[in-house]
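The structure file work_16.txt is reproduced below (compact mmCIF, C-alpha atoms and all ligand atoms).
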# COMPACT_ATOMS: atom_id res chain seq x y z
CA MET A 1 5.09 -9.34 -15.77
CA ASN A 2 1.74 -10.63 -14.50
CA PRO A 3 -1.50 -10.18 -16.49
CA HIS A 4 -2.31 -6.99 -14.53
CA HIS A 5 1.09 -5.50 -15.44
CA ILE A 6 1.87 -4.72 -11.81
CA PRO A 7 5.62 -4.33 -11.16
CA SER A 8 6.95 -6.74 -8.53
CA THR A 9 8.06 -3.80 -6.37
CA LEU A 10 4.40 -3.03 -5.57
CA PRO A 11 2.26 -5.03 -3.15
CA GLU A 12 -0.12 -7.46 -4.85
CA PRO A 13 -3.76 -6.25 -4.67
CA SER A 14 -6.31 -8.65 -3.15
CA PRO A 15 -8.26 -10.81 -5.63
CA GLU A 16 -11.34 -8.63 -4.98
CA ALA A 17 -9.38 -5.43 -5.68
CA GLN A 18 -7.95 -6.98 -8.85
CA ARG A 19 -11.46 -7.87 -10.05
CA GLN A 20 -12.66 -4.33 -9.37
CA SER A 21 -9.71 -2.83 -11.22
CA ALA A 22 -10.19 -5.22 -14.15
CA ARG A 23 -13.85 -4.14 -14.37
CA LEU A 24 -12.86 -0.46 -14.48
CA LYS A 25 -10.19 -1.21 -17.06
CA ASP A 26 -12.78 -2.93 -19.28
CA LEU A 27 -15.02 0.13 -19.03
CA ILE A 28 -12.07 2.39 -19.90
CA ARG A 29 -11.26 0.17 -22.89
CA GLU A 30 -14.87 0.56 -24.04
CA GLU A 31 -14.55 4.34 -23.69
CA ILE A 32 -11.34 4.22 -25.73
CA GLN A 33 -13.13 2.31 -28.45
CA ARG A 34 -16.10 4.69 -28.40
CA ALA A 35 -13.74 7.67 -28.65
CA GLY A 36 -12.17 6.22 -31.82
CA GLY A 37 -9.15 4.42 -30.39
CA ARG A 38 -7.72 6.79 -27.82
CA LEU A 39 -8.72 8.87 -24.77
CA ARG A 40 -7.14 12.14 -23.75
CA PHE A 41 -5.18 11.62 -20.53
CA ASP A 42 -7.46 13.97 -18.57
CA GLN A 43 -10.42 11.82 -19.63
CA PHE A 44 -8.56 8.69 -18.56
CA MET A 45 -7.62 10.27 -15.23
CA ALA A 46 -11.24 11.30 -14.61
CA GLN A 47 -12.30 7.68 -15.14
CA ALA A 48 -9.51 6.21 -13.04
CA LEU A 49 -10.21 8.56 -10.13
CA TYR A 50 -13.90 9.39 -10.24
CA ARG A 51 -15.86 6.76 -12.19
CA LEU A 52 -18.88 6.02 -10.02
CA GLY A 53 -18.39 2.97 -7.80
CA LEU A 54 -15.02 2.02 -9.33
CA GLY A 55 -12.80 5.11 -9.57
CA TYR A 56 -10.16 5.57 -6.88
CA TYR A 57 -12.08 8.31 -5.02
CA ALA A 58 -15.47 6.77 -5.70
CA GLN A 59 -14.99 3.25 -4.33
CA ALA A 60 -15.31 1.88 -0.82
CA GLY A 61 -11.63 1.19 0.00
CA GLN A 62 -9.66 3.18 2.53
CA ILE A 63 -7.72 6.03 0.96
CA PHE A 64 -6.32 8.26 3.68
CA GLY A 65 -4.15 7.46 6.69
CA GLU A 66 -1.95 4.64 7.90
CA GLY A 67 -4.13 1.88 6.45
CA GLY A 68 -4.69 3.74 3.19
CA ASP A 69 -2.43 4.93 0.40
CA PHE A 70 -1.17 8.29 1.66
CA ILE A 71 -1.53 10.78 4.50
CA THR A 72 -2.50 14.40 3.99
CA ALA A 73 -1.67 17.32 6.30
CA PRO A 74 -5.07 17.57 8.02
CA GLU A 75 -4.93 13.80 8.66
CA LEU A 76 -1.45 14.15 10.10
CA SER A 77 -2.25 16.73 12.77
CA PRO A 78 -5.17 18.87 13.96
CA LEU A 79 -2.70 21.75 14.26
CA PHE A 80 -2.83 22.13 10.47
CA GLY A 81 -6.58 22.76 10.56
CA ARG A 82 -6.28 24.95 13.64
CA CYS A 83 -3.86 27.18 11.72
CA LEU A 84 -6.31 27.45 8.83
CA ALA A 85 -8.96 28.37 11.38
CA ARG A 86 -6.81 31.35 12.46
CA GLN A 87 -6.68 32.46 8.83
CA ALA A 88 -10.45 31.95 8.53
CA ARG A 89 -11.05 34.00 11.68
CA GLN A 90 -9.21 36.96 10.15
CA VAL A 91 -11.40 36.74 7.04
CA LEU A 92 -14.68 36.28 8.90
CA GLU A 93 -13.91 39.12 11.31
CA GLU A 94 -12.97 41.48 8.51
CA LEU A 95 -16.22 40.68 6.70
CA GLY A 96 -18.28 40.97 9.88
CA GLY A 97 -19.33 37.30 9.54
CA GLY A 98 -19.57 35.04 6.54
CA GLU A 99 -19.29 31.44 5.46
CA LEU A 100 -16.69 28.78 4.71
CA VAL A 101 -16.57 26.53 1.68
CA GLU A 102 -14.30 23.51 1.51
CA PHE A 103 -13.53 21.85 -1.79
CA GLY A 104 -12.49 18.18 -1.77
CA ALA A 105 -13.02 17.44 1.93
CA GLY A 106 -11.66 13.86 1.80
CA SER A 107 -12.47 12.08 5.08
CA GLY A 108 -14.01 15.26 6.58
CA VAL A 109 -11.19 15.69 9.09
CA LEU A 110 -10.35 19.27 8.10
CA ALA A 111 -14.00 20.35 8.29
CA GLU A 112 -14.19 18.87 11.76
CA THR A 113 -11.00 20.56 13.00
CA LEU A 114 -11.86 23.92 11.44
CA LEU A 115 -15.33 24.00 12.94
CA ARG A 116 -14.10 22.90 16.39
CA GLU A 117 -11.41 25.58 16.44
CA LEU A 118 -13.67 28.33 15.13
CA GLU A 119 -16.20 27.40 17.80
CA ALA A 120 -13.45 27.66 20.45
CA LEU A 121 -12.47 31.06 19.00
CA ASP A 122 -16.12 32.13 19.11
CA CYS A 123 -16.06 32.77 15.40
CA LEU A 124 -18.24 30.11 13.80
CA PRO A 125 -19.14 30.65 10.15
CA ARG A 126 -22.83 31.06 9.37
CA ARG A 127 -22.61 28.02 7.10
CA TYR A 128 -19.98 25.45 6.14
CA THR A 129 -20.39 24.12 2.63
CA ILE A 130 -18.55 21.08 1.33
CA VAL A 131 -18.16 20.53 -2.41
CA ASP A 132 -16.78 17.12 -3.35
CA VAL A 133 -17.10 15.16 -6.59
CA SER A 134 -16.98 11.79 -4.85
CA PRO A 135 -20.36 10.53 -3.57
CA THR A 136 -18.55 7.85 -1.51
CA LEU A 137 -16.44 10.47 0.28
CA VAL A 138 -19.48 12.72 0.79
CA GLN A 139 -21.17 9.83 2.62
CA ARG A 140 -18.08 9.36 4.76
CA GLN A 141 -17.89 13.08 5.55
CA GLN A 142 -21.56 13.13 6.51
CA ALA A 143 -21.23 10.13 8.82
CA ARG A 144 -18.17 11.57 10.52
CA LEU A 145 -19.49 15.08 11.01
CA ARG A 146 -22.95 13.89 12.13
CA GLN A 147 -21.31 11.70 14.76
CA ASN A 148 -18.50 14.02 15.92
CA LEU A 149 -20.16 17.43 15.65
CA PRO A 150 -23.88 16.78 16.20
CA HIS A 151 -24.46 20.28 17.59
CA LEU A 152 -22.96 21.93 14.48
CA PHE A 153 -24.28 19.51 11.88
CA GLN A 154 -27.16 21.83 10.90
CA ARG A 155 -24.66 24.43 9.73
CA ILE A 156 -22.98 22.04 7.30
CA GLN A 157 -24.29 21.49 3.80
CA TRP A 158 -23.10 19.59 0.75
CA ARG A 159 -23.44 21.13 -2.68
CA GLU A 160 -22.20 20.54 -6.20
CA SER A 161 -20.66 23.99 -6.47
CA CYS A 162 -19.81 27.10 -4.47
CA PRO A 163 -22.98 28.92 -3.31
CA ARG A 164 -23.80 32.02 -5.42
CA GLY A 165 -23.14 35.36 -3.77
CA PHE A 166 -20.71 33.68 -1.38
CA ARG A 167 -18.89 35.90 1.17
CA GLY A 168 -16.18 34.30 3.27
CA MET A 169 -13.27 31.90 2.85
CA VAL A 170 -12.82 28.97 0.48
CA VAL A 171 -10.27 26.30 1.33
CA GLY A 172 -8.94 23.37 -0.68
CA ASN A 173 -6.15 21.11 0.52
CA GLU A 174 -4.69 18.81 -2.13
CA VAL A 175 -7.57 19.36 -4.54
CA LEU A 176 -5.71 20.99 -7.42
CA ASP A 177 -3.38 17.98 -7.69
CA ALA A 178 -6.40 15.69 -8.06
CA LEU A 179 -7.86 17.55 -11.06
CA PRO A 180 -7.46 15.66 -14.35
CA VAL A 181 -4.56 17.01 -16.45
CA HIS A 182 -3.47 16.85 -20.07
CA LYS A 183 -0.26 14.94 -20.65
CA VAL A 184 1.97 16.67 -23.20
CA ARG A 185 5.29 16.36 -25.00
CA PHE A 186 7.36 19.33 -26.16
CA ARG A 187 9.13 19.12 -29.52
CA GLN A 188 12.06 21.22 -30.62
CA ASP A 189 10.54 21.69 -34.09
CA GLY A 190 7.56 23.37 -32.41
CA ARG A 191 5.14 20.52 -33.27
CA HIS A 192 4.25 19.84 -29.64
CA GLU A 193 2.17 16.74 -28.92
CA GLU A 194 -0.54 15.59 -26.58
CA LEU A 195 -0.27 12.10 -25.13
CA PHE A 196 -3.36 9.91 -25.21
CA VAL A 197 -4.21 6.52 -23.73
CA ALA A 198 -4.84 3.66 -26.15
CA ASP A 199 -5.64 -0.03 -25.81
CA GLU A 200 -3.06 -2.45 -27.19
CA ALA A 201 -4.45 -5.97 -26.97
CA GLY A 202 -5.82 -5.39 -23.47
CA ARG A 203 -2.94 -3.29 -22.25
CA LEU A 204 -3.28 0.46 -21.71
CA VAL A 205 -0.48 2.30 -23.51
CA TRP A 206 0.52 5.86 -24.42
CA THR A 207 0.09 7.22 -27.91
CA ALA A 208 1.02 10.69 -29.20
CA GLY A 209 -1.02 13.00 -31.42
CA GLU A 210 -1.72 16.65 -32.13
CA PRO A 211 -3.07 18.77 -29.24
CA SER A 212 -6.80 18.14 -28.95
CA SER A 213 -7.87 21.78 -28.61
CA PRO A 214 -6.69 25.26 -29.65
CA ARG A 215 -6.51 26.22 -25.94
CA LEU A 216 -4.10 23.35 -25.19
CA LYS A 217 -2.02 24.21 -28.26
CA GLN A 218 -1.84 27.82 -27.12
CA ALA A 219 -0.79 26.77 -23.59
CA LEU A 220 1.93 24.47 -25.02
CA GLU A 221 3.29 27.25 -27.20
CA GLN A 222 3.28 29.79 -24.38
CA ILE A 223 5.12 27.45 -22.01
CA TYR A 224 7.67 26.52 -24.66
CA ARG A 225 8.25 30.15 -25.58
CA GLU A 226 8.84 31.12 -21.94
CA HIS A 227 10.56 28.02 -20.56
CA GLY A 228 11.55 25.81 -23.51
CA GLU A 229 15.21 26.74 -23.44
CA GLY A 230 17.12 23.74 -22.10
CA MET A 231 14.24 21.28 -22.55
CA VAL A 232 15.30 18.08 -24.32
CA ASP A 233 13.39 17.12 -27.47
CA GLY A 234 10.48 14.98 -26.26
CA TYR A 235 10.32 16.66 -22.82
CA GLU A 236 7.13 15.40 -21.16
CA SER A 237 4.96 17.20 -18.68
CA GLU A 238 1.39 18.07 -17.75
CA ILE A 239 -0.97 21.00 -18.28
CA ASN A 240 -3.94 21.51 -15.98
CA LEU A 241 -6.72 23.24 -17.90
CA ALA A 242 -9.37 21.94 -15.48
CA ALA A 243 -8.02 24.27 -12.80
CA GLU A 244 -8.76 27.36 -14.87
CA ARG A 245 -12.35 26.25 -15.50
CA TRP A 246 -12.71 25.41 -11.81
CA LEU A 247 -11.39 28.81 -10.68
CA GLY A 248 -13.64 30.56 -13.21
CA GLY A 249 -16.72 28.97 -11.61
CA LEU A 250 -15.50 29.86 -8.16
CA ALA A 251 -14.76 33.49 -9.03
CA GLU A 252 -18.19 33.89 -10.58
CA ALA A 253 -19.98 32.57 -7.51
CA MET A 254 -17.93 34.58 -5.03
CA GLU A 255 -19.01 38.07 -4.05
CA GLN A 256 -16.28 38.85 -1.57
CA GLY A 257 -13.59 36.95 0.30
CA VAL A 258 -10.52 34.79 0.11
CA VAL A 259 -9.53 31.44 -1.43
CA ILE A 260 -6.72 29.45 0.22
CA LEU A 261 -5.32 26.55 -1.82
CA ILE A 262 -2.61 24.27 -0.47
CA ASP A 263 -0.83 21.75 -2.61
CA TYR A 264 2.52 20.44 -3.79
CA GLY A 265 3.96 22.24 -6.74
CA PHE A 266 6.10 25.08 -8.00
CA PRO A 267 6.09 28.41 -9.80
CA ARG A 268 6.11 27.73 -13.57
CA HIS A 269 9.85 28.19 -14.17
CA GLU A 270 10.50 25.38 -11.68
CA PHE A 271 7.58 23.21 -12.81
CA TYR A 272 8.91 23.14 -16.38
CA HIS A 273 12.54 22.95 -15.30
CA PRO A 274 14.76 21.22 -17.92
CA GLU A 275 15.60 18.46 -15.43
CA ARG A 276 11.94 17.54 -14.85
CA HIS A 277 11.74 16.01 -18.32
CA GLN A 278 9.40 13.16 -17.36
CA GLY A 279 6.83 15.47 -15.81
CA THR A 280 5.29 15.33 -12.37
CA LEU A 281 2.67 12.57 -12.55
CA MET A 282 2.79 10.51 -9.38
CA CYS A 283 0.81 7.50 -8.25
CA HIS A 284 0.24 6.43 -4.65
CA TYR A 285 -0.53 2.83 -3.89
CA GLN A 286 -0.37 1.55 -0.32
CA HIS A 287 2.33 4.07 0.63
CA HIS A 288 4.40 3.21 -2.47
CA VAL A 289 5.02 6.04 -4.92
CA HIS A 290 5.62 5.29 -8.60
CA PRO A 291 5.20 7.10 -11.93
CA ASP A 292 2.94 4.77 -14.00
CA PRO A 293 -0.71 5.96 -14.06
CA LEU A 294 -1.82 3.35 -16.58
CA ILE A 295 -1.65 0.38 -14.20
CA LEU A 296 -3.99 -0.46 -11.31
CA PRO A 297 -6.88 1.78 -12.49
CA GLY A 298 -9.14 2.57 -9.53
CA LEU A 299 -6.71 1.19 -6.96
CA GLN A 300 -4.14 3.96 -6.92
CA ASP A 301 -4.20 7.71 -6.61
CA VAL A 302 -2.96 9.60 -9.67
CA THR A 303 -1.79 13.17 -9.15
CA SER A 304 0.15 15.90 -10.84
CA HIS A 305 2.08 18.71 -9.16
CA VAL A 306 0.60 22.19 -9.43
CA ASP A 307 1.91 24.96 -11.69
CA PHE A 308 1.11 27.84 -9.31
CA THR A 309 1.88 30.45 -11.97
CA ALA A 310 -0.98 28.96 -14.02
CA ILE A 311 -3.25 29.22 -10.97
CA ALA A 312 -2.27 32.88 -10.50
CA GLU A 313 -2.82 33.65 -14.22
CA SER A 314 -6.22 31.93 -14.23
CA ALA A 315 -7.20 33.79 -11.06
CA LEU A 316 -6.31 37.17 -12.57
CA ALA A 317 -8.12 36.29 -15.80
CA CYS A 318 -11.36 35.67 -13.91
CA GLY A 319 -11.22 38.79 -11.78
CA LEU A 320 -9.53 37.51 -8.60
CA GLN A 321 -6.41 39.03 -7.03
CA VAL A 322 -3.39 37.03 -5.97
CA ALA A 323 -3.18 37.90 -2.26
CA GLY A 324 -0.17 35.80 -1.31
CA PHE A 325 2.06 32.85 -2.14
CA THR A 326 4.31 31.07 0.31
CA THR A 327 5.51 27.69 1.48
CA GLN A 328 3.38 25.55 3.79
CA ALA A 329 5.99 25.99 6.53
CA TYR A 330 5.88 29.80 6.46
CA PHE A 331 2.09 29.81 6.22
CA LEU A 332 1.67 27.58 9.27
CA ILE A 333 4.28 29.45 11.29
CA ALA A 334 2.59 32.77 10.45
CA CYS A 335 -0.70 31.29 11.66
CA GLY A 336 0.89 30.33 14.98
CA ILE A 337 1.63 26.59 14.77
CA GLU A 338 4.68 26.87 17.03
CA GLN A 339 2.75 28.60 19.82
CA MET A 340 -0.05 26.02 19.49
CA LEU A 341 2.48 23.25 19.96
CA ALA A 342 4.08 25.03 22.91
CA GLU A 343 0.68 25.28 24.61
CA LEU A 344 0.24 21.48 24.70
CA GLU A 345 1.06 19.63 27.93
CA PRO A 346 4.85 19.06 27.70
CA GLU A 347 6.02 15.43 27.81
CA SER A 348 2.45 14.19 27.19
CA MET A 349 1.86 11.58 24.50
CA ASP A 350 -0.17 14.13 22.57
CA PHE A 351 2.70 16.64 22.68
CA LEU A 352 5.18 14.06 21.40
CA ARG A 353 2.83 12.99 18.60
CA GLN A 354 2.09 16.57 17.57
CA ALA A 355 5.77 17.57 17.75
CA GLN A 356 6.55 14.76 15.28
CA ALA A 357 3.73 15.84 13.00
CA VAL A 358 4.74 19.51 13.12
CA LYS A 359 8.25 18.51 12.13
CA LYS A 360 6.84 16.72 9.10
CA LEU A 361 4.60 19.65 8.19
CA LEU A 362 7.42 22.21 8.46
CA MET A 363 10.73 20.58 7.57
CA PRO A 364 12.00 21.60 4.11
CA HIS A 365 12.80 18.02 3.07
CA GLU A 366 9.36 16.78 4.19
CA MET A 367 6.19 18.82 3.45
CA GLY A 368 7.41 22.29 4.46
CA GLU A 369 8.80 23.48 1.13
CA LEU A 370 7.32 21.31 -1.60
CA PHE A 371 3.83 22.21 -0.39
CA LYS A 372 2.84 25.76 -1.18
CA VAL A 373 -0.08 27.96 -0.22
CA ILE A 374 -1.64 30.44 -2.61
CA GLY A 375 -4.15 33.04 -1.46
CA LEU A 376 -6.62 34.53 -3.95
CA SER A 377 -9.03 37.27 -3.07
CA LYS A 378 -11.96 39.32 -4.26
CA ASP A 379 -12.56 42.75 -2.80
CA PHE A 380 -10.58 41.90 0.34
CA PRO A 381 -7.85 43.97 2.06
CA GLU A 382 -4.30 42.69 2.54
CA PRO A 383 -2.22 41.41 4.23
CA LEU A 384 -3.57 37.96 4.97
CA LEU A 385 -2.26 36.43 8.19
CA GLY A 386 -0.75 33.33 6.56
CA PHE A 387 1.45 35.35 4.20
CA SER A 388 2.59 37.91 6.76
CA LEU A 389 5.98 36.23 7.42
CA LEU A 390 7.05 35.45 3.86
CA ASP A 391 5.22 36.38 0.68
CA GLN A 392 6.78 35.02 -2.52
CA ARG A 393 4.30 36.34 -5.07
CA ALA A 394 7.21 37.77 -7.03
CA ARG A 395 8.38 34.21 -7.80
CA LEU A 396 5.18 33.32 -9.70
C1 LIG B 401 -6.19 14.17 -2.35
S1 LIG B 401 -7.83 14.26 -1.76
C2 LIG B 401 -7.62 15.47 -0.48
C3 LIG B 401 -8.66 15.33 0.62
C4 LIG B 401 -8.57 16.33 1.78
N1 LIG B 401 -8.65 17.71 1.33
C5 LIG B 401 -7.32 16.13 2.60
O1 LIG B 401 -6.45 16.98 2.55
O2 LIG B 401 -7.22 15.10 3.28
C6 LIG B 401 -8.69 15.10 -3.05
C7 LIG B 401 -10.14 15.41 -2.74
O3 LIG B 401 -10.66 16.29 -3.74
C8 LIG B 401 -11.91 15.80 -4.22
N2 LIG B 401 -12.08 16.41 -5.55
C9 LIG B 401 -11.44 16.14 -6.70
N3 LIG B 401 -11.85 16.93 -7.70
C10 LIG B 401 -12.75 17.78 -7.17
C11 LIG B 401 -13.52 18.87 -7.69
N4 LIG B 401 -13.46 19.22 -8.96
N5 LIG B 401 -14.38 19.51 -6.86
C12 LIG B 401 -14.46 19.15 -5.55
N6 LIG B 401 -13.76 18.12 -5.01
C13 LIG B 401 -12.92 17.46 -5.80
C14 LIG B 401 -11.76 14.31 -4.10
O4 LIG B 401 -12.98 13.62 -4.15
C15 LIG B 401 -11.08 14.22 -2.72
O5 LIG B 401 -12.00 14.38 -1.68
Structure translated into structure tokens:
Amino acid sequence: MNPHHIPSTLPEPSPEAQRQSARLKDLIREEIQRAGGRLRFDQFMAQALYRLGLGYYAQAGQIFGEGGDFITAPELSPLFGRCLARQARQVLEELGGGELVEFGAGSGVLAETLLRELEALDCLPRRYTIVDVSPTLVQRQQARLRQNLPHLFQRIQWRESCPRGFRGMVVGNEVLDALPVHKVRFRQDGRHEELFVADEAGRLVWTAGEPSSPRLKQALEQIYREHGEGMVDGYESEINLAAERWLGGLAEAMEQGVVILIDYGFPRHEFYHPERHQGTLMCHYQHHVHPDPLILPGLQDVTSHVDFTAIAESALACGLQVAGFTTQAYFLIACGIEQMLAELEPESMDFLRQAQAVKKLLMPHEMGELFKVIGLSKDFPEPLLGFSLLDQRARL
């Protein structure tokens, strides 16, 4: 093992990247010391992903696409965003106009595709607001949208939260999986634990302790009561309490409309399935996927799958309705992805490229089934277009 504790199966970071990661690790070690010897995992994850200038989403390196660490659906094909635009059109037409808000806009590609398609459909939102925690990505989004959509740039704004009194549609692709989670361990004697990050002579290591808050303890007990049967002693997983705070803020700001969230994950009974005893944490580094979030701080993405039942429960608790739940494949098909593909020039390079991408977006063993779409609504009539083919709310 080298001094950076990077397994030999992963590509070696450049000397510059190693220096940057070492700097972030030193800062994390200082935080650990300040916190009395350990950080909660959600605090560690927030540092590793969002620490200004050094966190994974807040540094200058390329994240998305072929030259980055992973590819997301809107990066893969504009047809993904065009489908979301069809869903947005339904919402905006029903409301007689309105706005769009995108959380976690990444490179800005989805904003660009959505606005282009809504312009083509003659259904532009009054305003398009982007909320993103990464100042580096906000700069990238601004540069891209200023250059590619100069005539619509005035309609786009960046804010720290959803505008108050908002009416329209909110969209977030792969945002829930990027929210910092608590790492937990279930015990058969009922003394469930939280896992923290400690510093052992310069190496970041796990350490277990009591749950750090009554809310986490309550969540652990509820999950164990409902799904603990079959779990081995020491079953590890994650709990995302940040999502409930995030949804609470959103619900408060929203007057009327729909929230569409797309991410990889499961209903709770599958999320806490006995076989998933090591949890769902996943790290992406230069198109390699591995399960160790404590190495390469700042250089790799760290994500957790989404417990969609928790999202539905949080939504109901803050006054939203659950308006639909389905797989990415069924959502995109309901929004017309197959017709969009069929309308492209057959045999053209673009058609071939898009056909490949659509396969990836829809096939069950690729993104079609693991990725789910949940629709939440406030004072909005059903059915929503994207859930009109298959609605699996009953599975939540
Ligand atoms: C995995 S990337 C997905 C980017 C983009 N939606 C896509 O599909 O390509 C996660 C994005 O969410 C942003 N993000 C993370 N937490 C956030 C939060 N609490 N509010 C808004 N954006 C957030 C990150 O900065 C990043 O832009």
Sorted by chain and rising residue number, which residues of chain A lie within 7 Å of ligand LIG 401 (chain B), and what are their closest atom pairs and distances in Å to one decimal, counting all atoms listed in the file, as JSON lines?
{"residue": "A:Tyr57", "atom": "CA", "partner": "B:LIG401", "partner_atom": "O4", "distance": 5.5}
{"residue": "A:Phe64", "atom": "CA", "partner": "B:LIG401", "partner_atom": "O2", "distance": 6.9}
{"residue": "A:Thr72", "atom": "CA", "partner": "B:LIG401", "partner_atom": "O2", "distance": 4.8}
{"residue": "A:Ala73", "atom": "CA", "partner": "B:LIG401", "partner_atom": "O1", "distance": 6.1}
{"residue": "A:Pro74", "atom": "CA", "partner": "B:LIG401", "partner_atom": "O1", "distance": 5.7}
{"residue": "A:Glu75", "atom": "CA", "partner": "B:LIG401", "partner_atom": "O2", "distance": 6.0}
{"residue": "A:Phe103", "atom": "CA", "partner": "B:LIG401", "partner_atom": "C12", "distance": 4.7}
{"residue": "A:Gly104", "atom": "CA", "partner": "B:LIG401", "partner_atom": "O3", "distance": 3.3}
{"residue": "A:Ala105", "atom": "CA", "partner": "B:LIG401", "partner_atom": "N1", "distance": 4.4}
{"residue": "A:Gly106", "atom": "CA", "partner": "B:LIG401", "partner_atom": "O5", "distance": 3.5}
{"residue": "A:Ser107", "atom": "CA", "partner": "B:LIG401", "partner_atom": "O2", "distance": 6.3}
{"residue": "A:Val131", "atom": "CA", "partner": "B:LIG401", "partner_atom": "C12", "distance": 5.0}
{"residue": "A:Asp132", "atom": "CA", "partner": "B:LIG401", "partner_atom": "N6", "distance": 3.6}
{"residue": "A:Val133", "atom": "CA", "partner": "B:LIG401", "partner_atom": "N6", "distance": 4.7}
{"residue": "A:Ser134", "atom": "CA", "partner": "B:LIG401", "partner_atom": "O4", "distance": 4.5}
{"residue": "A:Leu137", "atom": "CA", "partner": "B:LIG401", "partner_atom": "O5", "distance": 6.2}
{"residue": "A:Gly172", "atom": "CA", "partner": "B:LIG401", "partner_atom": "N1", "distance": 6.0}
{"residue": "A:Asn173", "atom": "CA", "partner": "B:LIG401", "partner_atom": "N1", "distance": 4.3}
{"residue": "A:Glu174", "atom": "CA", "partner": "B:LIG401", "partner_atom": "C2", "distance": 4.7}
{"residue": "A:Val175", "atom": "CA", "partner": "B:LIG401", "partner_atom": "O3", "distance": 4.4}
{"residue": "A:Ala178", "atom": "CA", "partner": "B:LIG401", "partner_atom": "C9", "distance": 5.2}
{"residue": "A:Leu179", "atom": "CA", "partner": "B:LIG401", "partner_atom": "N3", "distance": 5.3}
{"residue": "A:Trp246", "atom": "CA", "partner": "B:LIG401", "partner_atom": "N4", "distance": 6.9}
- Please identify all polymer residues within 10 Å of stretch 284-296 of chain A, counting all atoms listed in the file, omitting same-chain residues fewer than 2 positions from it, and present them as a ChimeraX atom specification. /A:4-7,9-11,13,17-18,20-22,24-25,41,44-45,48,56,62-71,197,203-206,278-282,298-303
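The environment of A:Val306 within 10 Å, counting all atoms listed in the file and disregarding residues fewer than 3 places along the same chain, consists of Glu174, Val175, Leu176, Asp177, Ala178, Leu179, Glu238, Ile239, Asn240, Ala243, Ile262, Asp263, Tyr264, Gly265, Phe266, Pro267, Arg268, Phe271, Thr280, Thr303, Thr309, Ala310, Ile311, Phe371 and Lys372 of chain A.
Distances here use only C-alpha atoms; by that measure, the residue among A:Gly61, A:Gln33, A:Leu84, A:Leu76 closest to A:Glu16 is A:Gly61.
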- Compare A:Cys318, A:Gly324, A:Gln139, A:Gly386 by their minimum atom-to-atom distance to A:Ala85, counting all atoms listed in the file, and give me the closest one.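 Checking each of A:Cys318, A:Gly324, A:Gln139, A:Gly386 against A:Ala85, counting all atoms listed in the file, the winner is A:Gly386.
Using all atoms listed in the file, the smallest distance between any of A:Leu110, A:Leu95, A:Leu316, A:Leu39 and A:Lys183 comes from A:Leu39.
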- Task: Could you check how far atom CA of A:Gly319 sits from atom CA of A:His269, in Å to one decimal?
- Result: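 These atoms are spaced 23.7 Å apart.
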- Note on the structure: Using all atoms listed in the file, the shortest atom-to-atom distance to A:Thr113 among A:Gly81, A:Gly248, A:Pro346, A:Gly96 belongs to A:Gly81
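Taking all atoms listed in the file into account, A:Ser388 lies nearest to A:Leu332 out of the set A:Leu332, A:Leu152, A:Ala120, A:Ala315.
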- Query: From the list A:Leu376, A:Leu49, A:Leu100, A:Leu261, which residue is nearest A:Ile130 when using all atoms listed in the file?
  - Reply: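 For A:Ile130, the nearest of the given residues is A:Leu100.
Taking all atoms listed in the file into account, the protein, DNA and RNA residues within 10 Å of (-20.6, 45.1, -6.4) read Glu255, Gln256 and Asp379 of chain A.
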- Find the distance between atom CA of A:Gly336 and atom CA of A:Leu121 and write it in Å to one decimal.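 Separation between atom CA of A:Gly336 and atom CA of A:Leu121: 14.0 Å.
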- Atomic distance atom CA of A:Gln356 - atom CA of A:Leu124, expressed in Å with one decimal: 29.2 Å
- Message: Please list, as a ChimeraX atom specification, the residues that have an atom at most 8 Å away from (9.4, 32.8, 4.3) in the coordinates of this file, counting all atoms listed in the file.
- Response: /A:326-327,329-330,389-392
Selected residues written out with C-alpha atoms, as a short mmCIF file (atom, residue, chain, number, x, y, z; two decimals), keeping the file's coordinate frame:
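The resulting file, part-v8.cif, is reproduced below:
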data_model
loop_
_atom_site.label_atom_id
_atom_site.label_comp_id
_atom_site.auth_asym_id
_atom_site.auth_seq_id
_atom_site.Cartn_x
_atom_site.Cartn_y
_atom_site.Cartn_z
CA THR A 326 4.31 31.07 0.31
CA THR A 327 5.51 27.69 1.48
CA ALA A 329 5.99 25.99 6.53
CA TYR A 330 5.88 29.80 6.46
CA LEU A 389 5.98 36.23 7.42
CA LEU A 390 7.05 35.45 3.86
CA ASP A 391 5.22 36.38 0.68
CA GLN A 392 6.78 35.02 -2.52
#
Repaired coordinates for stretch 361-365 of chain A (N, CA and C atoms) as a PDB file, keeping the file's coordinate frame:
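Okay, result-v2.pdb is ready:
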ATOM      1  N   LEU A 361       5.293  18.583   8.912  1.00  0.00           N
ATOM      2  CA  LEU A 361       4.600  19.650   8.190  1.00  0.00           C
ATOM      3  C   LEU A 361       5.533  20.800   7.811  1.00  0.00           C
ATOM      4  N   LEU A 362       6.579  21.022   8.653  1.00  0.00           N
ATOM      5  CA  LEU A 362       7.420  22.210   8.460  1.00  0.00           C
ATOM      6  C   LEU A 362       8.775  21.966   7.820  1.00  0.00           C
ATOM      7  N   MET A 363       9.342  20.771   8.006  1.00  0.00           N
ATOM      8  CA  MET A 363      10.730  20.580   7.570  1.00  0.00           C
ATOM      9  C   MET A 363      10.824  20.700   6.037  1.00  0.00           C
ATOM     10  N   PRO A 364      11.872  21.386   5.563  1.00  0.00           N
ATOM     11  CA  PRO A 364      12.000  21.600   4.110  1.00  0.00           C
ATOM     12  C   PRO A 364      12.053  20.300   3.318  1.00  0.00           C
ATOM     13  N   HIS A 365      12.695  19.250   3.859  1.00  0.00           N
ATOM     14  CA  HIS A 365      12.800  18.020   3.070  1.00  0.00           C
ATOM     15  C   HIS A 365      11.566  17.139   3.237  1.00  0.00           C
TER      16      HIS A 365
END
